[in-house]
$ cat my_file.txt   # compact mmCIF, C-alpha atoms and all ligand atoms
# COMPACT_ATOMS: atom_id res chain seq x y z
CA MET A 1 8.46 14.57 14.34
CA PRO A 2 7.59 12.89 11.00
CA ALA A 3 5.77 9.61 11.46
CA TYR A 4 5.15 7.11 8.70
CA SER A 5 2.29 4.68 8.36
CA HIS A 6 2.17 1.41 6.49
CA SER A 7 -0.20 2.83 3.87
CA GLN A 8 2.03 5.89 3.45
CA LEU A 9 5.04 3.68 2.74
CA SER A 10 2.97 1.50 0.40
CA THR A 11 1.81 4.57 -1.51
CA TYR A 12 5.44 5.52 -2.13
CA GLN A 13 6.26 2.01 -3.28
CA THR A 14 3.29 2.03 -5.65
CA CYS A 15 3.81 5.52 -7.03
CA PRO A 16 6.14 8.23 -5.68
CA TYR A 17 4.16 10.93 -7.49
CA GLN A 18 0.93 9.97 -5.74
CA TYR A 19 2.90 10.01 -2.49
CA ARG A 20 4.08 13.55 -3.16
CA LEU A 21 0.58 14.83 -3.89
CA HIS A 22 -0.98 13.12 -0.91
CA TYR A 23 1.64 13.24 1.83
CA ILE A 24 3.87 16.18 0.92
CA GLN A 25 1.56 18.59 -0.87
CA LYS A 26 -1.34 17.28 1.22
CA ILE A 27 -3.82 17.67 -1.62
CA LYS A 28 -7.21 16.34 -0.64
CA MET A 29 -9.40 14.89 -3.38
CA ASP A 30 -13.12 14.57 -2.89
CA THR A 31 -13.39 11.19 -4.62
CA GLU A 32 -13.36 7.77 -3.00
CA GLY A 33 -13.38 4.34 -4.64
CA ILE A 34 -16.39 2.20 -3.82
CA GLU A 35 -14.17 -0.65 -2.61
CA ALA A 36 -12.72 1.64 0.10
CA PHE A 37 -16.19 3.02 0.87
CA MET A 38 -17.64 -0.46 1.34
CA GLY A 39 -14.63 -1.51 3.44
CA SER A 40 -15.14 1.46 5.76
CA ARG A 41 -18.83 0.62 6.27
CA VAL A 42 -18.01 -3.00 7.12
CA HIS A 43 -15.41 -1.74 9.59
CA ASP A 44 -18.05 0.58 11.12
CA ALA A 45 -20.35 -2.39 11.69
CA LEU A 46 -17.69 -4.68 13.20
CA GLU A 47 -16.48 -1.87 15.43
CA LYS A 48 -20.03 -1.40 16.71
CA LEU A 49 -20.37 -5.15 17.28
CA TYR A 50 -17.35 -5.26 19.60
CA ARG A 51 -17.92 -1.83 21.19
CA ASP A 52 -21.41 -2.91 22.23
CA LEU A 53 -20.07 -6.27 23.40
CA LYS A 54 -17.72 -4.45 25.76
CA MET A 55 -20.90 -3.03 27.30
CA THR A 56 -22.36 -6.58 27.39
CA LYS A 57 -24.78 -5.78 24.57
CA LEU A 58 -24.85 -8.45 21.86
CA ASN A 59 -26.36 -7.16 18.63
CA THR A 60 -28.37 -9.60 16.56
CA LEU A 61 -27.26 -10.06 12.99
CA GLU A 62 -30.34 -8.13 11.83
CA GLU A 63 -29.46 -5.19 14.11
CA LEU A 64 -25.90 -5.15 12.85
CA LEU A 65 -26.95 -5.26 9.21
CA ALA A 66 -29.47 -2.48 9.84
CA PHE A 67 -26.61 -0.41 11.29
CA TYR A 68 -24.47 -1.22 8.23
CA HIS A 69 -27.17 -0.02 5.83
CA GLN A 70 -27.76 3.07 7.92
CA CYS A 71 -24.03 3.93 7.75
CA TRP A 72 -24.07 3.25 4.00
CA GLU A 73 -26.97 5.69 3.44
CA LYS A 74 -25.52 8.32 5.75
CA ASN A 75 -22.07 8.35 4.15
CA TRP A 76 -23.03 7.74 0.53
CA SER A 77 -22.34 10.60 -1.87
CA GLU A 78 -21.83 11.20 -5.56
CA SER A 79 -18.08 11.35 -4.97
CA VAL A 80 -17.99 7.56 -4.45
CA GLN A 81 -16.64 6.15 -7.70
CA ILE A 82 -17.22 2.78 -9.30
CA ILE A 83 -14.28 1.85 -11.50
CA ARG A 84 -15.42 -1.60 -12.59
CA LYS A 85 -18.28 -0.58 -14.82
CA GLU A 86 -19.76 -4.08 -14.87
CA TYR A 87 -20.80 -3.66 -11.21
CA HIS A 88 -23.21 -1.30 -9.48
CA ALA A 89 -23.27 0.24 -6.02
CA GLU A 90 -25.83 -2.36 -4.93
CA ASP A 91 -23.44 -5.19 -5.83
CA TYR A 92 -20.83 -3.75 -3.48
CA ARG A 93 -23.43 -3.11 -0.81
CA ARG A 94 -24.51 -6.75 -0.94
CA LEU A 95 -20.91 -7.91 -0.79
CA GLY A 96 -20.40 -5.84 2.39
CA GLU A 97 -23.55 -7.40 3.83
CA LYS A 98 -22.25 -10.87 3.04
CA CYS A 99 -18.90 -10.09 4.69
CA ILE A 100 -20.67 -9.11 7.93
CA THR A 101 -23.09 -12.06 7.81
CA ASP A 102 -20.34 -14.63 7.28
CA TYR A 103 -18.21 -13.08 10.02
CA TYR A 104 -21.14 -12.99 12.43
CA LYS A 105 -22.08 -16.62 11.84
CA ARG A 106 -18.50 -17.79 12.08
CA TYR A 107 -17.62 -16.13 15.38
CA TYR A 108 -20.99 -15.96 17.17
CA PRO A 109 -21.22 -15.56 20.25
CA PHE A 110 -17.87 -13.73 20.00
CA ASP A 111 -16.33 -15.25 23.11
CA GLN A 112 -12.99 -16.19 21.50
CA GLY A 113 -11.18 -13.50 23.44
CA ARG A 114 -11.55 -10.31 25.41
CA THR A 115 -11.43 -7.10 23.39
CA LEU A 116 -8.79 -4.73 24.75
CA GLY A 117 -9.08 -2.00 22.17
CA LEU A 118 -10.91 -0.95 19.04
CA GLU A 119 -9.46 1.38 16.43
CA GLU A 120 -6.44 1.53 18.70
CA THR A 121 -3.82 4.08 17.67
CA ILE A 122 -0.17 3.07 17.82
CA TYR A 123 2.80 5.39 17.61
CA PHE A 124 6.31 4.15 18.22
CA PRO A 125 9.91 4.98 17.27
CA LEU A 126 11.48 2.80 14.63
CA GLU A 127 14.80 4.28 15.59
CA GLU A 128 14.74 7.08 18.12
CA GLU A 129 18.05 8.77 17.25
CA LYS A 130 17.10 9.22 13.61
CA GLY A 131 13.59 10.34 14.46
CA TYR A 132 11.80 7.70 12.38
CA TRP A 133 8.41 6.98 13.93
CA ILE A 134 5.62 4.68 12.86
CA ARG A 135 1.93 5.28 13.36
CA GLY A 136 -1.10 3.15 12.68
CA VAL A 137 -4.56 2.13 13.82
CA ILE A 138 -5.35 -1.44 14.89
CA ASP A 139 -8.87 -2.60 14.02
CA ARG A 140 -9.18 -4.74 17.13
CA LEU A 141 -6.82 -5.82 19.87
CA ALA A 142 -7.85 -8.83 21.95
CA LEU A 143 -6.55 -11.04 24.73
CA SER A 144 -7.07 -14.78 24.58
CA ASP A 145 -6.08 -17.48 27.09
CA HIS A 146 -4.91 -14.67 29.44
CA SER A 147 -1.52 -14.43 27.77
CA ILE A 148 -1.98 -14.23 24.00
CA LEU A 149 -2.32 -10.79 22.49
CA GLU A 150 -4.21 -10.86 19.20
CA ILE A 151 -4.01 -8.15 16.56
CA HIS A 152 -7.05 -8.39 14.30
CA ASP A 153 -7.37 -6.72 10.94
CA TYR A 154 -10.42 -6.79 8.65
CA LYS A 155 -9.93 -6.89 4.91
CA THR A 156 -12.66 -6.70 2.32
CA SER A 157 -10.34 -6.99 -0.67
CA SER A 158 -11.20 -9.27 -3.54
CA ARG A 159 -7.81 -10.97 -3.46
CA LEU A 160 -6.89 -13.63 -0.94
CA PRO A 161 -3.16 -13.46 -0.15
CA THR A 162 -1.02 -16.56 0.14
CA GLN A 163 0.53 -17.60 3.46
CA GLY A 164 3.82 -16.29 2.06
CA ASP A 165 2.24 -12.88 1.45
CA VAL A 166 0.94 -12.58 5.01
CA GLN A 167 4.23 -13.83 6.44
CA SER A 168 5.95 -10.86 4.87
CA ASP A 169 3.14 -8.36 5.53
CA ARG A 170 4.43 -5.14 7.03
CA GLN A 171 1.24 -3.60 8.42
CA LEU A 172 0.44 -6.03 11.24
CA ALA A 173 4.12 -6.53 12.02
CA PHE A 174 4.26 -2.76 12.67
CA TYR A 175 1.28 -3.13 14.97
CA GLN A 176 3.10 -5.87 16.84
CA MET A 177 6.09 -3.57 17.34
CA GLY A 178 3.68 -0.87 18.52
CA VAL A 179 2.03 -2.98 21.23
CA GLU A 180 5.03 -4.99 22.40
CA GLY A 181 5.75 -4.47 26.08
CA LYS A 182 2.50 -2.62 26.76
CA TRP A 183 0.86 -5.41 28.76
CA LYS A 184 2.35 -7.70 31.38
CA ASP A 185 2.48 -11.49 31.13
CA ILE A 186 1.98 -11.62 27.36
CA GLN A 187 3.62 -14.76 26.03
CA GLU A 188 2.74 -14.50 22.38
CA ILE A 189 1.47 -11.94 19.89
CA LYS A 190 -0.69 -13.32 17.11
CA LEU A 191 -1.34 -11.44 13.88
CA ILE A 192 -4.80 -12.27 12.53
CA TRP A 193 -6.29 -11.15 9.23
CA HIS A 194 -9.96 -11.64 8.45
CA TYR A 195 -10.42 -11.85 4.70
CA LEU A 196 -14.12 -11.23 4.94
CA ALA A 197 -15.06 -11.63 1.28
CA PHE A 198 -13.69 -15.20 1.46
CA ASP A 199 -14.76 -15.94 5.07
CA VAL A 200 -11.15 -16.86 5.72
CA GLU A 201 -8.97 -16.19 8.76
CA VAL A 202 -5.20 -16.09 8.25
CA GLN A 203 -2.69 -16.02 11.09
CA SER A 204 1.00 -15.36 11.43
CA LEU A 205 3.63 -15.05 14.18
CA ARG A 206 6.76 -12.95 13.91
CA THR A 207 10.14 -13.72 15.44
CA PRO A 208 12.30 -10.92 16.92
CA GLU A 209 14.73 -11.46 14.01
CA GLU A 210 11.96 -10.94 11.45
CA LEU A 211 10.89 -7.75 13.19
CA GLN A 212 14.48 -6.50 13.28
CA ARG A 213 14.84 -7.20 9.56
CA LEU A 214 11.63 -5.28 8.92
CA ARG A 215 12.97 -2.36 10.99
CA GLN A 216 16.08 -2.27 8.80
CA GLU A 217 14.14 -2.51 5.54
CA THR A 218 11.74 0.20 6.66
CA MET A 219 14.58 2.53 7.63
CA GLU A 220 16.13 1.99 4.19
CA LEU A 221 12.80 2.78 2.56
CA ILE A 222 12.31 5.95 4.63
CA LYS A 223 15.84 7.10 3.76
CA LYS A 224 15.01 6.55 0.09
CA ILE A 225 11.80 8.58 0.40
CA GLU A 226 13.56 11.39 2.22
CA SER A 227 16.31 11.62 -0.39
CA ASP A 228 13.96 11.42 -3.39
CA ARG A 229 13.97 14.65 -5.39
CA ASP A 230 11.81 13.60 -8.34
CA PHE A 231 8.87 11.55 -7.01
CA SER A 232 8.27 10.30 -10.55
CA PRO A 233 4.84 8.94 -11.47
CA GLN A 234 4.82 5.17 -11.81
CA GLU A 235 1.99 3.74 -13.85
CA SER A 236 0.45 0.43 -12.87
CA PRO A 237 -2.95 -1.28 -13.06
CA LEU A 238 -3.73 0.54 -9.78
CA CYS A 239 -3.84 3.89 -11.62
CA SER A 240 -7.52 3.33 -12.38
CA TRP A 241 -8.18 3.54 -8.63
CA CYS A 242 -5.93 6.54 -8.03
CA ASP A 243 -7.72 9.66 -6.81
CA TYR A 244 -5.05 11.89 -8.34
CA GLN A 245 -5.46 10.95 -11.99
CA SER A 246 -6.69 14.45 -12.83
CA LEU A 247 -3.41 15.89 -11.48
CA CYS A 248 -1.04 13.28 -12.84
CA PRO A 249 1.09 13.98 -15.93
CA LYS A 250 0.57 10.38 -17.07
CA ARG A 251 -3.21 10.37 -16.73
CA ARG A 252 -4.46 13.97 -16.72
CA HIS A 253 -4.93 14.32 -20.46
CA ARG A 254 -6.98 11.14 -20.60
CA ILE A 255 -9.30 12.42 -17.87
CA VAL A 256 -9.68 15.77 -19.62
CA ALA A 257 -10.23 14.23 -23.07
CA GLU A 258 -12.72 11.62 -21.82
CA SER A 259 -14.79 14.29 -20.13
CA LEU A 260 -15.35 16.09 -23.45
CA PRO A 261 -18.56 15.60 -25.44
CA PRO A 262 -18.02 13.42 -28.56
CA ASN A 263 -18.08 16.36 -30.99
CA GLU A 264 -15.35 18.20 -29.05
CA TYR A 265 -13.28 15.10 -28.30
CA LEU A 266 -11.87 14.70 -31.80
CA GLN A 267 -11.18 18.43 -32.04
CA GLU A 268 -9.12 18.49 -28.85
CA GLU A 269 -5.56 19.44 -29.76
CA GLY A 270 -3.78 16.56 -28.00
CA VAL A 271 -6.22 13.91 -29.31
CA ASN A 272 -5.83 15.37 -32.77
CA LEU A 273 -2.04 15.39 -32.65
CA VAL A 274 -1.78 11.79 -31.44
CA ASN A 275 -4.27 10.57 -34.05
CA ARG A 276 -2.35 12.35 -36.81
CA TYR A 277 0.96 11.04 -35.46
CA VAL A 278 -0.34 7.45 -35.46
CA GLU A 279 -1.75 7.90 -38.97
CA LEU A 280 1.59 9.16 -40.32
CA LYS A 281 3.61 6.48 -38.51
CA GLU A 282 1.35 3.78 -39.95
CA LYS A 283 1.58 5.30 -43.41
CA LYS A 284 5.35 5.53 -43.07
CA GLY A 285 5.52 1.88 -42.01
CA ILE A 286 3.49 0.80 -45.06
CA LEU A 287 5.53 2.97 -47.45
CA ILE A 288 8.85 1.81 -45.99
CA GLY A 289 7.72 -1.80 -46.31
CA GLU A 290 6.73 -1.28 -49.93
CA ILE A 291 9.93 0.60 -50.79
CA ASP A 292 12.12 -1.99 -49.02
CA ALA A 293 10.45 -4.80 -50.97
CA GLU A 294 10.91 -2.91 -54.26
CA LEU A 295 14.55 -2.12 -53.38
CA ALA A 296 15.25 -5.78 -52.66
CA ARG A 297 13.74 -6.77 -56.02
CA VAL A 298 15.82 -4.17 -57.95
CA GLU A 299 19.00 -5.15 -56.06
CA GLU A 300 18.50 -8.78 -57.01
CA ALA A 301 17.89 -7.77 -60.63
CA LEU A 302 21.14 -5.67 -60.62
CA PHE A 303 23.18 -8.60 -59.26
CA ALA A 304 21.66 -10.90 -61.84
CA TYR A 305 22.30 -8.40 -64.68
CA ALA A 306 25.95 -7.86 -63.55
CA GLN A 307 26.55 -11.59 -63.38
CA ARG A 308 24.96 -12.29 -66.74
CA GLU A 309 26.83 -9.48 -68.51
CA GLU A 310 30.04 -10.02 -66.48
CA LEU A 311 30.02 -6.39 -65.32
CA GLU A 312 31.32 -4.68 -62.16
CA ALA A 313 29.78 -1.25 -62.94
CA ILE A 314 26.36 -0.50 -64.39
CA TYR A 315 25.57 3.03 -65.57
CA GLY A 316 22.28 4.89 -65.12
CA SER A 317 21.50 8.47 -66.27
CA ASP A 318 23.18 10.22 -63.31
CA HIS A 319 24.63 7.41 -61.23
CA VAL A 320 26.79 4.36 -61.56
CA ALA A 321 26.12 1.23 -59.55
CA LYS A 322 29.34 -0.56 -58.69
CA ILE A 323 28.78 -4.21 -58.06
CA LYS A 324 31.12 -5.86 -55.65
CA THR A 325 31.05 -9.48 -54.67
CA GLU A 326 33.39 -10.60 -51.92
CA MET A 327 33.58 -13.23 -49.24
CA LYS A 328 33.65 -11.86 -45.68
CA GLU A 329 34.36 -13.69 -42.46
CA LYS A 330 31.60 -13.59 -39.88
CA TYR A 331 31.99 -14.27 -36.17
CA PRO A 332 29.29 -15.48 -33.82
CA LEU A 333 27.08 -12.73 -32.36
CA LYS A 334 25.88 -12.61 -28.75
CA GLY A 335 23.47 -15.45 -28.14
CA ASP A 336 25.17 -17.73 -30.69
CA PRO A 337 26.20 -20.97 -28.90
CA ASN A 338 29.77 -20.58 -30.20
CA ARG A 339 30.13 -17.05 -28.88
CA LYS A 340 31.07 -18.03 -25.31
CA ALA A 341 33.82 -20.34 -26.47
CA LEU A 342 35.20 -17.62 -28.76
CA ASP A 343 35.20 -15.03 -25.92
CA GLU A 344 37.02 -17.48 -23.65
CA PHE A 345 39.54 -18.28 -26.32
CA ILE A 346 40.38 -14.59 -26.95
CA LYS A 347 40.60 -13.84 -23.21
CA ASN A 348 42.97 -16.76 -22.67
CA ALA A 349 45.07 -15.51 -25.55
CA GLY A 350 45.43 -12.18 -23.68
CA LYS A 351 43.84 -10.21 -26.55
CA TRP A 352 40.52 -9.34 -24.95
CA MET A 353 41.14 -5.62 -24.46
CA GLU A 354 41.93 -5.20 -28.17
CA VAL A 355 38.47 -6.33 -29.25
CA SER A 356 36.23 -5.60 -26.27
CA ASP A 357 34.21 -2.42 -26.18
CA LEU A 358 32.26 -0.66 -23.45
CA ASN A 359 28.51 -0.57 -24.04
CA PRO A 360 27.50 2.89 -22.67
CA TRP A 361 23.77 2.12 -23.02
CA MET A 362 24.11 -1.03 -20.94
CA LEU A 363 26.23 0.84 -18.39
CA ALA A 364 23.56 3.57 -17.97
CA ARG A 365 20.87 0.91 -17.53
CA ILE A 366 22.82 -0.96 -14.85
CA LEU A 367 23.48 2.25 -12.92
CA GLU A 368 19.88 3.40 -13.27
CA ARG A 369 18.71 0.14 -11.74
CA GLY A 370 21.16 0.44 -8.85
CA GLY A 371 22.89 -2.74 -9.98
CA TRP A 372 26.39 -1.79 -8.80
CA PRO A 373 27.64 -0.90 -5.28
CA PRO A 374 26.92 2.82 -4.54
CA THR A 375 30.61 3.82 -4.19
CA LEU A 376 31.50 2.25 -7.54
CA ALA A 377 28.41 3.73 -9.20
CA LYS A 378 29.29 7.19 -7.83
CA LYS A 379 32.81 7.04 -9.28
CA VAL A 380 31.56 5.83 -12.66
CA LYS A 381 28.91 8.58 -12.73
CA GLU A 382 31.67 11.19 -12.56
CA PHE A 383 32.36 10.32 -16.22
CA SER A 384 28.79 10.98 -17.29
CA THR A 385 27.17 14.11 -18.71
CA VAL A 386 23.46 14.85 -18.67
CA GLU A 387 21.61 15.37 -21.94
CA LYS A 388 17.94 16.08 -22.45
CA ASN A 389 16.47 13.26 -24.52
CA ARG A 390 13.07 13.56 -26.15
CA SER A 391 11.07 10.64 -27.46
CA ILE A 392 7.51 9.65 -28.22
CA ALA A 393 6.45 6.08 -27.53
CA LEU A 394 3.13 4.92 -28.88
CA SER A 395 1.19 2.14 -27.25
CA LYS A 396 -2.27 0.84 -27.86
CA LEU A 397 -4.87 1.66 -25.21
CA LYS A 398 -6.32 -1.37 -23.49
CA GLU A 399 -9.66 -1.54 -21.78
CA ARG A 400 -9.53 -0.02 -18.27
CA ASP A 401 -5.88 0.98 -18.85
S1 LIG B 1 -2.49 7.95 -11.83
FE1 LIG B 1 -0.95 6.35 -11.58
S2 LIG B 1 0.98 7.32 -12.14
FE2 LIG B 1 -0.50 8.96 -11.76
S3 LIG B 1 -0.24 9.53 -9.63
FE3 LIG B 1 -1.84 8.02 -9.70
S4 LIG B 1 -0.81 6.05 -9.36
FE4 LIG B 1 0.74 7.54 -9.93

$ encode --input "my_file.txt" --output "structure tokens"
Amino acid sequence: MPAYSHSQLSTYQTCPYQYRLHYIQKIKMDTEGIEAFMGSRVHDALEKLYRDLKMTKLNTLEELLAFYHQCWEKNWSESVQIIRKEYHAEDYRRLGEKCITDYYKRYYPFDQGRTLGLEETIYFPLEEEKGYWIRGVIDRLALSDHSILEIHDYKTSSRLPTQGDVQSDRQLAFYQMGVEGKWKDIQEIKLIWHYLAFDVEVQSLRTPEELQRLRQETMELIKKIESDRDFSPQESPLCSWCDYQSLCPKRRHRIVAESLPPNEYLQEEGVNLVNRYVELKEKKGILIGEIDAELARVEEALFAYAQREELEAIYGSDHVAKIKTEMKEKYPLKGDPNRKALDEFIKNAGKWMEVSDLNPWMLARILERGGWPPTLAKKVKEFSTVEKNRSIALSKLKERD
């Protein structure tokens, strides 16, 4: 039975193409971002802290940090990648150390609750009939005051979410659904995030209505994933951290080109073609600008000549330029403050259909964005035909794009 996890659903929302490579084609890449590597090592250390505590052994901070560094050494490999070039592995290592130190000092002697589970796996049906299941792993599950179940999650991210962000967080809400009803006499389930890099604890409670709404939204999302046929790549600032860049149609060429030595780089066919294309476009822009300016000057001179000589036709060697001067009525365009009043006036006069026109480009955009009810969109789409459109869009490369 297919089971979805929070990170699986998030991957789809971030980039359907990455989702396809990872979860459908199950392609494993041997690279790992250093942020994820450091996060895993901090998790290792905090798991050890609470696992040993269950056996009544309280590690000192020095022991815990020694374990952290040992895990770092043992797991470190060349496949760990540092995207932010201004930082080094040691910077991340120190940040992990600080996360553990702050946590240790804040919660020592760790008697806030009784640990029920560590790295606890959950697996529950979102909706049994449809076969949608959710799976996940809870960092730490604890019991406090004999009746409060606490779901703890450790984050080492460099961004501190707002209370609004955590209130709508899906991951821990899933965990709540996964543990509900498992223990007797539980009066409340608390969701607790530890933003370790900020030494901040954030809490949230979920009502049954909120959980039901999340169930619905998740089912909608799963249906969307299961009916997707394209899994199109979706570029975002997160691409720099994507392990699949070398397989992605939007990023692959960049990876290939950047890996070439400088002398081969400029010879590479794609690099060459884009450079030439940009050169010609720029040249064209300059030439068009110059020609347009010259044309405007000659036009003005022709009008002036015709007026001075009282002519309506001026003869060149092979062409005649007929000069016409007339007064034309102009009506307000869209965006003009008078346009709304004019539209209203024509509608009220019952003449709207004689001057209105369908904008097929706008229609396609609205349908593409799912802006109309599905049944209406389906009917309208019956009038459409599919054409292959080719275009080249140039954009300037930014740093770490
Ligand atoms: S590099 Fe970006 S667009 Fe390509 S698969 Fe990864 S996230 Fe998607």

$ atom_distance --input "my_file.txt" --atom1 "atom FE2 of ligand LIG 1 (chain B)" --atom2 "CA of Cys242 in chain A"
7.0 Å

$ residues_near_point --input "my_file.txt" --point "(-2.2, -18.8, 26.7)" --cutoff "12 Å" --atoms "all atoms listed in the file" --output "list in words"
Gly113, Leu143, Ser144, Asp145, His146, Ser147, Ile148, Leu149, Glu150, Asp185, Ile186, Gln187, Glu188, Ile189 and Lys190 of chain A

$ residues_around --input "my_file.txt" --residues "Glu32 in chain A" --least-positions-apart "2" --cutoff "8 Å" --atoms "only C-alpha atoms" --output "PyMOL selection string"
chain A and resi 30+34+36-37+79-81+243

$ closest_residue --input "my_file.txt" --among "A:Cys71, A:Ile392, A:Leu238, A:Ala142" --to "ligand LIG 1 (chain B)" --atoms "all atoms listed in the file"
A:Leu238

$ residues_near_ligand --input "my_file.txt" --ligand "ligand LIG 1 (chain B)" --cutoff "9 Å" --atoms "only C-alpha atoms and all ligand atoms" --output "VMD selection string"
chain A and resid 11 14 to 21 232 to 252

$ residues_around --input "my_file.txt" --residues "Tyr68 in chain A" --least-positions-apart "2" --cutoff "7 Å" --atoms "only C-alpha atoms" --output "number ranges by chain"
A: 41-42, 45, 64-66, 70-72

$ atom_distance --input "my_file.txt" --atom1 "CA of Glu97 in chain A" --atom2 "CA of Gly136 in chain A"
26.3 Å

$ residues_around --input "my_file.txt" --residues "Gly178 in chain A" --least-positions-apart "6" --cutoff "8 Å" --atoms "only C-alpha atoms" --output "ChimeraX atom specification"
/A:122-124

$ write_last_selection --input "my_file.txt" --atoms "C-alpha atoms" --output "mmCIF file, in the coordinates of the input"
data_model
loop_
_atom_site.group_PDB
_atom_site.id
_atom_site.type_symbol
_atom_site.label_atom_id
_atom_site.label_comp_id
_atom_site.auth_asym_id
_atom_site.auth_seq_id
_atom_site.Cartn_x
_atom_site.Cartn_y
_atom_site.Cartn_z
ATOM 1 C CA ILE A 122 -0.170 3.070 17.820
ATOM 2 C CA TYR A 123 2.800 5.390 17.610
ATOM 3 C CA PHE A 124 6.310 4.150 18.220
#

$ atom_distance --input "my_file.txt" --atom1 "CA of Trp193 in chain A" --atom2 "CA of Leu172 in chain A"
8.7 Å

$ residues_around --input "my_file.txt" --residues "His43 in chain A" --least-positions-apart "5" --cutoff "10 Å" --atoms "only C-alpha atoms" --output "JSON list (two decimals) with C-alpha atoms, in the frame of the given file"
[["chain", "number", "residue", "atom", "x", "y", "z"],
["A", 37, "PHE", "CA", -16.19, 3.02, 0.87],
["A", 38, "MET", "CA", -17.64, -0.46, 1.34],
["A", 48, "LYS", "CA", -20.03, -1.40, 16.71],
["A", 49, "LEU", "CA", -20.37, -5.15, 17.28],
["A", 68, "TYR", "CA", -24.47, -1.22, 8.23],
["A", 96, "GLY", "CA", -20.40, -5.84, 2.39],
["A", 100, "ILE", "CA", -20.67, -9.11, 7.93],
["A", 119, "GLU", "CA", -9.46, 1.38, 16.43],
["A", 139, "ASP", "CA", -8.87, -2.60, 14.02],
["A", 153, "ASP", "CA", -7.37, -6.72, 10.94],
["A", 154, "TYR", "CA", -10.42, -6.79, 8.65],
["A", 155, "LYS", "CA", -9.93, -6.89, 4.91],
["A", 156, "THR", "CA", -12.66, -6.70, 2.32]]

$ residues_around --input "my_file.txt" --residues "Phe110 in chain A" --least-positions-apart "3" --cutoff "12 Å" --atoms "all atoms listed in the file" --output "ChimeraX atom specification"
/A:46,49-54,56-60,103-107,113-115,142,144

$ closest_residue --input "my_file.txt" --among "A:Arg215, A:Ala313, A:Ala197, A:Glu300" --to "Arg159 in chain A" --atoms "only C-alpha atoms"
A:Ala197

$ closest_residue --input "my_file.txt" --among "A:Tyr108, A:Tyr132, A:Tyr265, A:Phe383" --to "Glu226 in chain A" --atoms "all atoms listed in the file"
A:Tyr132

$ build_atoms --input "my_file.txt" --residues "range 26-40 of chain A" --atoms "N, CA and C atoms" --output "PDB file, in the frame of the given file"
ATOM      1  N   LYS A  26      -0.102  17.455   0.436  1.00  0.00           N
ATOM      2  CA  LYS A  26      -1.340  17.280   1.220  1.00  0.00           C
ATOM      3  C   LYS A  26      -2.589  17.736   0.452  1.00  0.00           C
ATOM      4  N   ILE A  27      -2.660  17.328  -0.798  1.00  0.00           N
ATOM      5  CA  ILE A  27      -3.820  17.670  -1.620  1.00  0.00           C
ATOM      6  C   ILE A  27      -4.937  16.670  -1.328  1.00  0.00           C
ATOM      7  N   LYS A  28      -6.067  17.210  -0.963  1.00  0.00           N
ATOM      8  CA  LYS A  28      -7.210  16.340  -0.640  1.00  0.00           C
ATOM      9  C   LYS A  28      -8.119  16.266  -1.850  1.00  0.00           C
ATOM     10  N   MET A  29      -8.483  15.059  -2.257  1.00  0.00           N
ATOM     11  CA  MET A  29      -9.400  14.890  -3.380  1.00  0.00           C
ATOM     12  C   MET A  29     -10.754  14.481  -2.812  1.00  0.00           C
ATOM     13  N   ASP A  30     -11.808  14.898  -3.469  1.00  0.00           N
ATOM     14  CA  ASP A  30     -13.120  14.570  -2.890  1.00  0.00           C
ATOM     15  C   ASP A  30     -13.715  13.292  -3.483  1.00  0.00           C
ATOM     16  N   THR A  31     -12.872  12.455  -4.101  1.00  0.00           N
ATOM     17  CA  THR A  31     -13.390  11.190  -4.620  1.00  0.00           C
ATOM     18  C   THR A  31     -12.939  10.025  -3.740  1.00  0.00           C
ATOM     19  N   GLU A  32     -13.702   8.974  -3.772  1.00  0.00           N
ATOM     20  CA  GLU A  32     -13.360   7.770  -3.000  1.00  0.00           C
ATOM     21  C   GLU A  32     -13.828   6.555  -3.795  1.00  0.00           C
ATOM     22  N   GLY A  33     -12.994   5.552  -3.907  1.00  0.00           N
ATOM     23  CA  GLY A  33     -13.380   4.340  -4.640  1.00  0.00           C
ATOM     24  C   GLY A  33     -14.426   3.575  -3.831  1.00  0.00           C
ATOM     25  N   ILE A  34     -15.316   2.896  -4.540  1.00  0.00           N
ATOM     26  CA  ILE A  34     -16.390   2.200  -3.820  1.00  0.00           C
ATOM     27  C   ILE A  34     -15.857   1.047  -2.976  1.00  0.00           C
ATOM     28  N   GLU A  35     -14.739   0.457  -3.398  1.00  0.00           N
ATOM     29  CA  GLU A  35     -14.170  -0.650  -2.610  1.00  0.00           C
ATOM     30  C   GLU A  35     -13.781  -0.135  -1.222  1.00  0.00           C
ATOM     31  N   ALA A  36     -13.142   1.060  -1.183  1.00  0.00           N
ATOM     32  CA  ALA A  36     -12.720   1.640   0.100  1.00  0.00           C
ATOM     33  C   ALA A  36     -13.953   2.056   0.900  1.00  0.00           C
ATOM     34  N   PHE A  37     -14.966   2.585   0.195  1.00  0.00           N
ATOM     35  CA  PHE A  37     -16.190   3.020   0.870  1.00  0.00           C
ATOM     36  C   PHE A  37     -16.863   1.821   1.546  1.00  0.00           C
ATOM     37  N   MET A  38     -16.988   0.722   0.788  1.00  0.00           N
ATOM     38  CA  MET A  38     -17.640  -0.460   1.340  1.00  0.00           C
ATOM     39  C   MET A  38     -16.825  -1.009   2.517  1.00  0.00           C
ATOM     40  N   GLY A  39     -15.493  -1.022   2.369  1.00  0.00           N
ATOM     41  CA  GLY A  39     -14.630  -1.510   3.440  1.00  0.00           C
ATOM     42  C   GLY A  39     -14.834  -0.704   4.723  1.00  0.00           C
ATOM     43  N   SER A  40     -14.959   0.613   4.581  1.00  0.00           N
ATOM     44  CA  SER A  40     -15.140   1.460   5.760  1.00  0.00           C
ATOM     45  C   SER A  40     -16.471   1.160   6.453  1.00  0.00           C
TER      46      SER A  40
END
